[in-house]
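Trainee: Handing you a structure now.
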Amino acid sequence: MINTIICMYITLIPLICTGIFTMIFCKMRVCMKLNVPIDGGKCLKDGKRIFGDNKTVKGFIGYMLIGLLCNVIWGEICSINAYLETHNYLYVNYENTIIYNIIMGFIIGLVYALFELPNSFIKRRLDIKPGNSLESKKILRYIFLIIDQCDSIIGCVLVVWAVYPLGLLKYLLYVFLGLVTHMVFNVILYVFKVRKTIV
């Protein structure tokens, strides 16, 4: 079990870095022309926004480019450390090459961004403000607090499963591990004022 968790974290490092650095990137005053909602501010027939203001073109592109960069850098680090490379699920069945890392980094970044969208779509239908699940009804509040922390993890671990046979139990453990890790980093980022809220 300990070895499995170690492998999961070693594989998870680029994903953690992608989430953190994309959040920082979105707050920087660069590429401000891209800081527009991906739904273009449009509403559906119910008069409610599709995704809301927090899902921006800048963030979407940031996830893909930063995900690519983080995966390539981590791949190079793993290539000079046999322990890291042999315990990284991405390299069990595939060779650790720059091209492979570029492809995987791009896909993971894209999936990270895409799997946040259904959650945002549903929250807009329920009149929950972007970035805030705490104002919803008590039962929904706890449901969305959990979903907010693991929506992207659910998708990204599926990408890992596509290149390494995790199996259902390991997949669920991976998602849970990602959920806990995300919550811990939220607290850290809140302390350093990168996030406005803990959740």
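Following the order of the structure tokens, chains are lettered A, B, ..., residues in each are numbered from 1, and ligands are numbered from 1.
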Would you mind writing down, as a VMD selection string, each residue of segment 88-145 of chain A that DSSP on the backbone assigns to helix (DSSP H, G or I)?
Mentor: chain A and resid 89 to 91 98 to 114 117 to 125 138 to 145
Trainee: Could you name the residues that touch segment 5-11 of chain A at 9 Å or less, counting only C-alpha atoms, but leaving out those on the same chain fewer than 3 positions away, as a list in words?
Mentor: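 Skipping anything fewer than 3 positions along the chain leaves Met1, Ile2, Pro14, Leu15, Leu84, Glu85, Thr86, His87, Asn88, Tyr89, Leu90, Val160, Leu173, Tyr174, Leu177 and Gly178 of chain A.
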Trainee: Using atom CA of Met104 of chain A and atom CA of Asp39 of chain A as the two end points, give the distance in Å to one decimal.
Mentor: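 A separation of 26.2 Å between them.
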Trainee: Show which residues sit within 12 Å of Phe51 of chain A, as a list in words. Count only C-alpha atoms, and ignore same-chain residues fewer than 6 positions away.
Mentor: Val36, Pro37, Ile38, Asp39, Gly40, Gly41, Lys42, Cys43, Leu44, Val57, Leu114, Glu116, Leu117, Pro118, Asn119, Ser120, Phe121, Ile122, Lys123, Arg124, Arg125, Leu126, Asp127, Ile128, Lys129, Pro130 and Gly131 of chain A
Trainee: Give me, please, the distance in Å between atom CA of Ile188 of chain A and atom CA of Asn81 of chain A, quoted to one decimal.
Mentor: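 Distance between the two atoms: 28.2 Å.
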Trainee: List the neighbours of Gly105 of chain A out to 8 Å using only C-alpha atoms; skip same-chain residues closer than 5 positions along the sequence, and give me the result as a CSV table (one decimal) with all heavy atoms, in the first residue's frame.
Mentor:
chain,number,residue,atom,x,y,z
A,64,MET,N,-3.2,23.9,-20.2
A,64,MET,CA,-2.5,23.0,-21.3
A,64,MET,C,-1.0,23.3,-21.4
A,64,MET,O,-0.2,22.4,-21.4
A,64,MET,CB,-3.2,23.3,-22.6
A,64,MET,CG,-4.6,22.7,-22.7
A,64,MET,SD,-5.4,22.8,-24.3
A,64,MET,CE,-5.8,24.6,-24.3
A,67,GLY,N,0.7,22.6,-18.0
A,67,GLY,CA,0.7,21.1,-17.8
A,67,GLY,C,1.8,20.5,-18.7
A,67,GLY,O,2.5,19.6,-18.2
A,68,LEU,N,1.9,20.9,-19.9
A,68,LEU,CA,2.9,20.4,-20.8
A,68,LEU,C,4.3,20.7,-20.2
A,68,LEU,O,5.2,19.8,-20.1
A,68,LEU,CB,2.7,21.1,-22.2
A,68,LEU,CG,3.6,20.7,-23.3
A,68,LEU,CD1,2.9,21.1,-24.6
A,68,LEU,CD2,5.0,21.3,-23.3
A,69,LEU,N,4.5,21.9,-19.8
A,69,LEU,CA,5.9,22.3,-19.3
A,69,LEU,C,6.2,21.5,-18.0
A,69,LEU,O,7.3,21.0,-17.9
A,69,LEU,CB,5.9,23.8,-19.0
A,69,LEU,CG,7.2,24.4,-18.5
A,69,LEU,CD1,8.2,24.3,-19.6
A,69,LEU,CD2,7.0,25.9,-18.2
A,70,CYS,N,5.3,21.4,-17.1
A,70,CYS,CA,5.5,20.7,-15.8
A,70,CYS,C,5.8,19.2,-16.1
A,70,CYS,O,6.7,18.6,-15.4
A,70,CYS,CB,4.3,20.8,-14.9
A,70,CYS,SG,4.1,22.4,-14.2
A,71,ASN,N,5.1,18.6,-17.0
A,71,ASN,CA,5.3,17.2,-17.3
A,71,ASN,C,6.7,17.0,-18.0
A,71,ASN,O,7.4,16.0,-17.7
A,71,ASN,CB,4.2,16.7,-18.2
A,71,ASN,CG,3.9,15.2,-18.0
A,71,ASN,OD1,3.6,14.8,-16.9
A,71,ASN,ND2,4.1,14.4,-19.0
A,72,VAL,N,7.1,17.9,-18.8
A,72,VAL,CA,8.4,17.7,-19.5
A,72,VAL,C,9.5,17.9,-18.5
A,72,VAL,O,10.5,17.1,-18.4
A,72,VAL,CB,8.6,18.8,-20.6
A,72,VAL,CG1,10.0,18.8,-21.1
A,72,VAL,CG2,7.6,18.4,-21.8
Trainee: Do you have the atom CA of Tyr112 of chain A-atom CA of Phe60 of chain A distance handy?
Mentor: 8.9 Å
